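Structure file protein-v4.cif; described as mmCIF, C-alpha atoms.
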```cif
data_work
#
loop_
_atom_site.label_atom_id
_atom_site.label_comp_id
_atom_site.auth_asym_id
_atom_site.auth_seq_id
_atom_site.Cartn_x
_atom_site.Cartn_y
_atom_site.Cartn_z
CA MET A 27 58.46 -12.48 65.10
CA ALA A 28 59.02 -16.00 66.50
CA PHE A 29 56.37 -17.61 68.66
CA SER A 30 57.00 -20.46 71.12
CA LEU A 31 54.53 -22.62 72.97
CA PRO A 32 54.45 -22.29 76.71
CA PRO A 33 55.74 -25.31 78.68
CA PRO A 34 53.07 -27.69 80.02
CA PRO A 35 51.85 -27.17 83.52
CA PRO A 36 53.91 -28.94 86.14
CA SER A 37 50.93 -31.05 87.24
CA LEU A 38 50.31 -32.33 83.69
CA SER A 39 53.97 -33.11 83.20
CA LEU A 40 54.03 -35.01 86.47
CA HIS A 41 50.85 -36.86 85.46
CA PHE A 42 52.40 -38.15 82.22
CA THR A 43 55.59 -39.07 83.99
CA ARG A 44 53.79 -41.18 86.58
CA ARG A 45 51.64 -42.84 83.91
CA SER A 46 54.68 -43.66 81.82
CA LEU A 47 56.41 -45.16 84.82
CA LEU A 48 53.33 -47.23 85.64
CA LEU A 49 53.09 -48.59 82.09
CA LEU A 50 56.82 -49.28 82.05
CA SER A 51 56.70 -51.21 85.30
CA THR A 52 53.66 -53.21 84.08
CA THR A 53 55.27 -54.24 80.82
CA THR A 54 58.42 -55.32 82.58
CA THR A 55 56.67 -57.45 85.19
CA LEU A 56 53.76 -58.85 83.11
CA SER A 57 54.44 -62.26 81.55
CA LEU A 58 52.24 -64.67 79.60
CA PRO A 59 51.34 -68.00 81.21
CA SER A 60 53.73 -70.72 80.05
CA THR A 61 52.37 -73.87 78.36
CA PRO A 62 53.58 -77.02 80.11
CA PRO A 63 55.56 -79.36 77.85
CA PRO A 64 53.68 -82.45 76.60
CA THR A 65 54.04 -85.54 78.71
CA PRO A 66 56.50 -87.85 76.93
CA ILE A 67 55.31 -91.33 75.98
CA PRO A 68 57.42 -93.92 77.82
CA THR A 69 59.52 -96.09 75.54
CA THR A 70 58.56 -99.10 77.69
CA PRO A 71 54.94 -98.60 78.81
CA THR A 72 53.48 -100.54 81.68
CA VAL A 73 51.81 -103.84 80.85
CA THR A 74 48.31 -103.81 82.33
CA ASP A 75 46.87 -106.98 80.76
CA ARG A 76 48.15 -110.31 79.52
CA VAL A 77 46.64 -112.68 76.98
CA PHE A 78 47.89 -115.94 75.53
CA MET A 79 47.68 -117.37 72.05
CA ASP A 80 48.41 -120.98 71.16
CA PHE A 81 49.61 -121.39 67.57
CA SER A 82 49.29 -124.69 65.72
CA LEU A 83 50.29 -126.06 62.32
CA CYS A 84 47.97 -127.90 59.98
CA PRO A 85 50.04 -129.98 57.53
CA ASN A 86 46.97 -130.98 55.47
CA ASN A 87 45.57 -127.46 55.31
CA PHE A 88 42.41 -126.43 57.14
CA LEU A 89 38.99 -127.96 56.66
CA PRO A 90 36.96 -125.87 54.19
CA ASP A 91 33.59 -127.36 55.16
CA ARG A 92 33.47 -126.66 58.89
CA ALA A 93 29.97 -126.26 60.23
CA ASP A 94 30.82 -123.34 62.54
CA ALA A 95 33.65 -121.33 64.01
CA LEU A 96 34.01 -123.52 67.10
CA SER A 97 34.72 -126.78 65.28
CA PRO A 98 38.42 -127.61 64.86
CA LEU A 99 40.15 -125.77 62.07
CA CYS A 100 42.32 -128.78 61.36
CA SER A 101 41.73 -132.49 62.01
CA ASP A 102 45.44 -133.29 62.43
CA SER A 103 47.13 -130.24 63.94
CA ASN A 104 50.50 -129.94 65.66
CA LEU A 105 50.91 -127.44 68.50
CA LEU A 106 53.65 -124.97 67.65
CA GLY A 107 53.68 -123.28 71.05
CA ARG A 108 52.17 -120.65 73.32
CA VAL A 109 52.79 -116.91 73.07
CA VAL A 110 52.07 -114.58 76.00
CA LEU A 111 51.32 -110.99 75.01
CA GLY A 112 51.55 -107.99 77.33
CA LEU A 113 49.10 -105.19 76.51
CA TYR A 114 49.44 -101.44 77.16
CA GLY A 115 45.99 -100.69 78.58
CA ASN A 116 47.02 -97.32 80.03
CA LEU A 117 48.29 -96.07 76.68
CA VAL A 118 45.57 -97.24 74.26
CA PRO A 119 42.73 -98.57 76.43
CA LEU A 120 40.13 -98.98 73.68
CA THR A 121 42.46 -100.89 71.35
CA VAL A 122 43.48 -103.18 74.21
CA SER A 123 39.87 -103.71 75.32
CA ASN A 124 38.75 -104.72 71.83
CA PHE A 125 41.72 -107.05 71.40
CA LYS A 126 40.99 -108.73 74.73
CA SER A 127 37.35 -109.16 73.72
CA MET A 128 38.43 -110.91 70.55
CA CYS A 129 40.74 -113.19 72.54
CA LEU A 130 38.10 -114.10 75.12
CA GLY A 131 35.20 -114.78 72.75
CA GLY A 132 32.32 -116.69 74.34
CA LEU A 133 30.85 -120.08 74.97
CA ASN A 134 28.17 -120.17 72.27
CA ALA A 135 28.52 -120.97 68.60
CA THR A 136 27.68 -117.43 67.48
CA SER A 137 30.50 -115.81 69.48
CA SER A 138 33.41 -114.14 67.73
CA SER A 139 37.01 -114.81 68.63
CA TYR A 140 40.50 -115.15 67.24
CA LYS A 141 40.31 -118.82 68.21
CA ASN A 142 40.42 -121.16 65.20
CA THR A 143 41.46 -118.38 62.79
CA LEU A 144 44.42 -118.30 60.42
CA VAL A 145 47.68 -116.42 60.29
CA HIS A 146 46.98 -115.42 56.70
CA LYS A 147 50.17 -113.56 55.70
CA VAL A 148 53.84 -113.93 56.64
CA PHE A 149 56.44 -111.44 55.44
CA PRO A 150 59.84 -113.06 56.11
CA GLY A 151 62.15 -110.98 58.25
CA GLN A 152 59.41 -108.44 59.03
CA TYR A 153 56.02 -109.45 60.48
CA PHE A 154 52.97 -111.68 60.12
CA LEU A 155 49.28 -110.80 59.90
CA ALA A 156 46.31 -112.41 61.62
CA GLY A 157 42.68 -111.50 62.23
CA ARG A 158 41.52 -111.05 58.63
CA GLN A 159 37.75 -110.52 58.50
CA GLY A 160 35.47 -112.74 56.50
CA ARG A 161 33.98 -116.21 56.95
CA PRO A 162 34.73 -118.03 60.22
CA ASP A 163 34.26 -121.38 58.51
CA LYS A 164 37.30 -120.52 56.37
CA GLY A 165 39.49 -119.50 59.27
CA GLU A 166 38.65 -115.79 59.11
CA VAL A 167 37.34 -113.45 61.81
CA ARG A 168 33.85 -112.06 62.34
CA PRO A 169 33.86 -109.37 65.07
CA PRO A 170 30.79 -109.14 67.32
CA HIS A 171 28.23 -106.46 66.46
CA ASP A 172 28.57 -104.82 69.87
CA LEU A 173 32.35 -104.34 69.63
CA PRO A 174 32.96 -100.60 70.28
CA ARG A 175 34.19 -98.44 67.43
CA ASN A 176 37.87 -97.71 67.90
CA THR A 177 38.22 -93.92 67.98
CA GLU A 178 41.94 -94.24 68.78
CA THR A 179 42.61 -94.87 65.08
CA VAL A 180 42.27 -91.11 64.54
CA ASP A 181 44.21 -90.07 67.66
CA ALA A 182 47.81 -89.08 66.91
CA LYS A 183 48.92 -90.03 70.43
CA ALA A 184 48.00 -93.66 69.75
CA PHE A 185 50.74 -93.91 67.12
CA ALA A 186 53.59 -92.78 69.38
CA LEU A 187 55.31 -96.17 69.84
CA THR A 188 57.44 -97.68 67.08
CA HIS A 189 58.03 -101.15 65.66
CA SER A 190 61.58 -101.12 66.94
CA ARG A 191 62.22 -104.80 67.71
CA PRO A 192 60.86 -108.32 67.24
CA GLY A 193 57.69 -109.13 69.17
CA VAL A 194 55.89 -105.79 68.78
CA VAL A 195 52.10 -106.22 68.58
CA SER A 196 50.08 -103.59 66.72
CA LEU A 197 46.65 -103.01 65.24
CA SER A 198 47.08 -103.33 61.48
CA LEU A 199 45.77 -100.26 59.69
CA SER A 200 48.11 -99.55 56.78
CA GLU A 201 48.71 -103.26 56.08
CA ASN A 202 45.07 -104.27 56.51
CA ASP A 203 43.94 -106.43 53.59
CA ASP A 204 40.26 -106.95 54.45
CA ASP A 205 38.06 -106.89 51.36
CA ASP A 206 36.82 -103.43 50.39
CA GLU A 207 33.17 -104.48 50.48
CA ILE A 208 33.65 -105.64 54.08
CA LYS A 209 35.24 -102.32 55.03
CA LEU A 210 32.25 -100.43 53.57
CA ASP A 211 29.90 -102.13 56.03
CA PRO A 212 28.71 -99.54 58.62
CA GLY A 213 29.33 -102.10 61.35
CA TYR A 214 32.92 -102.75 60.27
CA ARG A 215 35.43 -103.01 63.12
CA ASN A 216 39.13 -103.37 62.42
CA VAL A 217 40.53 -106.30 64.42
CA GLU A 218 43.38 -107.39 62.13
CA PHE A 219 46.71 -107.30 63.94
CA LEU A 220 50.39 -107.90 63.23
CA ILE A 221 53.40 -109.09 65.21
CA THR A 222 56.91 -108.16 64.15
CA THR A 223 59.19 -111.18 63.73
CA GLY A 224 62.62 -109.56 63.43
CA PRO A 225 65.50 -109.78 63.29
CA GLY A 226 65.46 -106.00 62.81
CA PRO A 227 62.94 -103.18 63.27
CA CYS A 228 60.14 -102.35 60.82
CA PRO A 229 60.24 -98.55 60.47
CA GLN A 230 57.91 -98.70 57.47
CA LEU A 231 55.10 -99.59 59.91
CA ASP A 232 55.69 -96.63 62.24
CA ASN A 233 53.07 -93.85 62.48
CA LYS A 234 50.65 -96.04 60.51
CA ASN A 235 49.68 -98.82 62.92
CA ILE A 236 48.81 -98.67 66.62
CA VAL A 237 51.37 -100.44 68.80
CA PHE A 238 49.47 -101.79 71.81
CA GLY A 239 51.54 -104.65 73.20
CA THR A 240 54.61 -106.85 73.12
CA VAL A 241 55.54 -110.52 73.27
CA LEU A 242 56.48 -111.43 76.86
CA GLU A 243 56.95 -115.16 76.32
CA GLY A 244 57.21 -117.35 73.23
CA LEU A 245 59.36 -115.25 70.95
CA ASP A 246 60.74 -118.54 69.64
CA VAL A 247 57.22 -119.39 68.44
CA ILE A 248 57.07 -116.05 66.59
CA THR A 249 60.41 -116.85 64.96
CA ALA A 250 59.15 -120.31 63.95
CA ILE A 251 56.09 -118.79 62.27
CA ALA A 252 58.34 -116.37 60.39
CA SER A 253 60.34 -119.28 58.99
CA ILE A 254 57.32 -121.03 57.41
CA PRO A 255 57.65 -120.99 53.58
CA THR A 256 55.17 -118.72 51.80
CA TYR A 257 53.86 -118.38 48.27
CA GLN A 258 56.04 -115.97 46.31
CA PRO A 259 55.04 -115.20 42.69
CA SER A 260 57.63 -115.10 39.97
CA GLU A 261 58.85 -111.78 38.65
CA ARG A 262 56.87 -112.28 35.45
CA ILE A 263 53.63 -112.80 37.39
CA ARG A 264 54.35 -109.66 39.42
CA GLN A 265 54.83 -107.64 36.24
CA PHE A 266 51.55 -108.89 34.74
CA ASN A 267 49.79 -108.15 38.02
CA ASP A 268 51.17 -104.60 38.17
CA LEU A 269 50.00 -104.02 34.60
CA ALA A 270 46.52 -105.39 35.33
CA ARG A 271 46.24 -103.21 38.43
CA PHE A 272 47.33 -100.17 36.42
CA PHE A 273 44.40 -100.75 34.03
CA GLY A 274 41.99 -101.20 36.96
CA ASP A 275 41.46 -104.95 36.64
CA GLU A 276 39.89 -106.10 39.93
CA ARG A 277 41.31 -109.58 39.46
CA ALA A 278 44.78 -108.17 40.15
CA GLN A 279 43.97 -107.57 43.82
CA ASN A 280 42.32 -110.98 44.12
CA ALA A 281 45.50 -112.56 42.83
CA ARG A 282 47.63 -110.58 45.27
CA ASN A 283 45.62 -111.90 48.21
CA ILE A 284 47.44 -115.22 48.01
CA TRP A 285 50.91 -113.66 47.93
CA ASN A 286 52.90 -114.27 51.13
CA ARG A 287 50.36 -116.84 52.27
CA PRO A 288 51.97 -119.65 54.33
CA LEU A 289 52.26 -122.89 52.38
CA THR A 290 51.62 -124.75 55.65
CA SER A 291 48.56 -123.43 57.45
CA VAL A 292 49.28 -121.89 60.84
CA TYR A 293 46.39 -120.81 63.05
CA ILE A 294 45.42 -119.68 66.55
CA SER A 295 44.17 -122.89 68.13
CA ASP A 296 43.36 -121.27 71.49
CA CYS A 297 43.48 -117.86 73.17
CA GLY A 298 42.40 -116.21 76.40
CA GLU A 299 43.36 -113.92 79.26
CA LEU A 300 46.06 -114.37 81.89
CA LYS A 301 45.77 -112.46 85.15
CA VAL A 302 48.59 -110.04 85.92
CA THR A 303 50.02 -110.75 89.38
CA LYS A 304 51.47 -107.25 89.91
CA PRO A 305 49.92 -104.92 87.32
CA SER A 306 51.82 -101.90 88.67
CA LEU A 307 55.17 -103.35 87.63
CA THR A 308 56.62 -103.33 84.13
CA PRO A 309 57.81 -106.86 83.33
CA SER A 310 61.10 -107.44 81.58
CA LEU A 311 60.87 -107.42 77.83
CA PRO A 312 62.43 -110.14 75.67
#
```
Would you mind writing the structure in this file as structure tokens?
Amino acid sequence: MAFSLPPPPPSLSLHFTRRSLLLLSTTTTLSLPSTPPPTPIPTTPTVTDRVFMDFSLCPNNFLPDRADALSPLCSDSNLLGRVVLGLYGNLVPLTVSNFKSMCLGGLNATSSSYKNTLVHKVFPGQYFLAGRQGRPDKGEVRPPHDLPRNTETVDAKAFALTHSRPGVVSLSLSENDDDDEIKLDPGYRNVEFLITTGPGPCPQLDNKNIVFGTVLEGLDVITAIASIPTYQPSERIRQFNDLARFFGDERAQNARNIWNRPLTSVYISDCGELKVTKPSLTPSLP
């Protein structure tokens, strides 16, 4: 004998039907909140600050026995020209603030500044380096103890701009050649910077160094610095150096420190701030 279950009561069947309709209508109308797209970084950020740097040549090399950082770096210097830099304070405010502090310096002999410090490396057709840390009496930089630590060096957004043209100013991180024992100091602050010289871009620097400004005036001075002859070791010396570095000889790095050094000393003879007349406007780039 076959048995069959009785049909569900009409009320229960209606209950499930209404519930199913309710769930169906909820799933069709419910939507997850959309995440707004990230704000794009402008390819030409607004210049909020301006600083100047006067570059000079020292045909007889700099004086190695200067008493302090404020005495002239060279007794017989020739002014190469003035460079005006526009800084992107809205994009990387801490990097710009520290750079301005190093340009302004102070009035006493213990102040720290880029003034009277060397351009210590020139890579023809690419960029030059300045702001190497060390002894001020030898044309190197000593940042002040109260200079804030730059937390933007670990912020991915700070590396958004590229070294796409001549005259790009960036904080040198990957190309930094400060001595390792200086970098191990708890009070170490990276103030070494680079300026691209052209004629083309430097993509090998992208995503490694913080672009924080551009040359507004004096690109011809930048080009003149790039044309200064530098020390280039022979291929045989390079091979010996690579071998010594492979075996961990510390003298290899010491020898490399003089590679690409200008044969005629070029240095920052003066620097300071220039007031922006209309900070809300983006000035024309070179």
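Straight-line separation from atom CA of Asn286 of chain A to atom CA of Val109 of chain A: 22.1 Å.
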Check: Between A:Gly112, A:Ser82, A:Gly239, A:Val167, which one has atoms that come closest to Lys301 of chain A, using only C-alpha atoms?
Finding: A:Gly112
Closest pair table for segment 119-212 of chain A residues within 9 Å of segment 78-81 of chain A, only C-alpha atoms, as JSON lines:
```
{"residue": "A:Cys129", "atom": "CA", "partner": "A:Met79", "partner_atom": "CA", "distance": 8.1}
{"residue": "A:Tyr140", "atom": "CA", "partner": "A:Met79", "partner_atom": "CA", "distance": 8.9}
{"residue": "A:Lys141", "atom": "CA", "partner": "A:Met79", "partner_atom": "CA", "distance": 8.4}
```
Notebook entry, point to check: For the file shown, what are the residues hit by the PyMOL selection byres ((chain A and resi 193) around 12), laid out as an MDAnalysis selection string?
Noted result: chainID A and resid 109:113 151:154 188:192 194:196 220:228 237:249 251:252 311:312
Checklist line | Residue nearest Asp296 of chain A - candidates A:His171, A:Arg108, A:Lys147, A:Arg158, atoms counted: only C-alpha atoms | finding: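 Closest to Asp296 of chain A, using only C-alpha atoms: A:Arg108.
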Any chance you could model N, CA, C and O atoms for segment 143-155 of chain A and send them as an mmCIF file, keeping the file's coordinate frame?
```cif
data_model
loop_
_atom_site.group_PDB
_atom_site.id
_atom_site.type_symbol
_atom_site.label_atom_id
_atom_site.label_comp_id
_atom_site.auth_asym_id
_atom_site.auth_seq_id
_atom_site.Cartn_x
_atom_site.Cartn_y
_atom_site.Cartn_z
ATOM 1 N N THR A 143 41.304 -119.242 63.967
ATOM 2 C CA THR A 143 41.460 -118.380 62.790
ATOM 3 C C THR A 143 42.913 -118.404 62.332
ATOM 4 O O THR A 143 43.839 -118.645 63.114
ATOM 5 N N LEU A 144 43.122 -118.118 61.067
ATOM 6 C CA LEU A 144 44.420 -118.300 60.420
ATOM 7 C C LEU A 144 45.359 -117.116 60.599
ATOM 8 O O LEU A 144 44.929 -115.967 60.713
ATOM 9 N N VAL A 145 46.654 -117.414 60.604
ATOM 10 C CA VAL A 145 47.680 -116.420 60.290
ATOM 11 C C VAL A 145 47.749 -116.408 58.766
ATOM 12 O O VAL A 145 48.236 -117.341 58.138
ATOM 13 N N HIS A 146 47.215 -115.365 58.149
ATOM 14 C CA HIS A 146 46.980 -115.420 56.700
ATOM 15 C C HIS A 146 48.115 -114.850 55.862
ATOM 16 O O HIS A 146 48.165 -115.083 54.651
ATOM 17 N N LYS A 147 49.035 -114.094 56.471
ATOM 18 C CA LYS A 147 50.170 -113.560 55.700
ATOM 19 C C LYS A 147 51.426 -113.588 56.574
ATOM 20 O O LYS A 147 51.372 -113.270 57.765
ATOM 21 N N VAL A 148 52.538 -113.966 55.964
ATOM 22 C CA VAL A 148 53.840 -113.930 56.640
ATOM 23 C C VAL A 148 54.818 -113.232 55.707
ATOM 24 O O VAL A 148 55.000 -113.654 54.559
ATOM 25 N N PHE A 149 55.427 -112.169 56.198
ATOM 26 C CA PHE A 149 56.440 -111.440 55.440
ATOM 27 C C PHE A 149 57.793 -111.727 56.091
ATOM 28 O O PHE A 149 58.088 -111.191 57.168
ATOM 29 N N PRO A 150 58.590 -112.604 55.486
ATOM 30 C CA PRO A 150 59.840 -113.060 56.110
ATOM 31 C C PRO A 150 60.740 -111.907 56.525
ATOM 32 O O PRO A 150 60.936 -110.952 55.767
ATOM 33 N N GLY A 151 61.257 -112.003 57.747
ATOM 34 C CA GLY A 151 62.150 -110.980 58.250
ATOM 35 C C GLY A 151 61.473 -109.701 58.675
ATOM 36 O O GLY A 151 62.158 -108.729 59.024
ATOM 37 N N GLN A 152 60.118 -109.672 58.683
ATOM 38 C CA GLN A 152 59.410 -108.440 59.030
ATOM 39 C C GLN A 152 58.288 -108.688 60.051
ATOM 40 O O GLN A 152 58.435 -108.360 61.227
ATOM 41 N N TYR A 153 57.179 -109.290 59.599
ATOM 42 C CA TYR A 153 56.020 -109.450 60.480
ATOM 43 C C TYR A 153 55.070 -110.460 59.876
ATOM 44 O O TYR A 153 55.214 -110.876 58.716
ATOM 45 N N PHE A 154 54.059 -110.877 60.673
ATOM 46 C CA PHE A 154 52.970 -111.680 60.120
ATOM 47 C C PHE A 154 51.641 -111.043 60.507
ATOM 48 O O PHE A 154 51.545 -110.281 61.482
ATOM 49 N N LEU A 155 50.623 -111.349 59.720
ATOM 50 C CA LEU A 155 49.280 -110.800 59.900
ATOM 51 C C LEU A 155 48.310 -111.878 60.323
ATOM 52 O O LEU A 155 48.380 -113.006 59.851
#
```
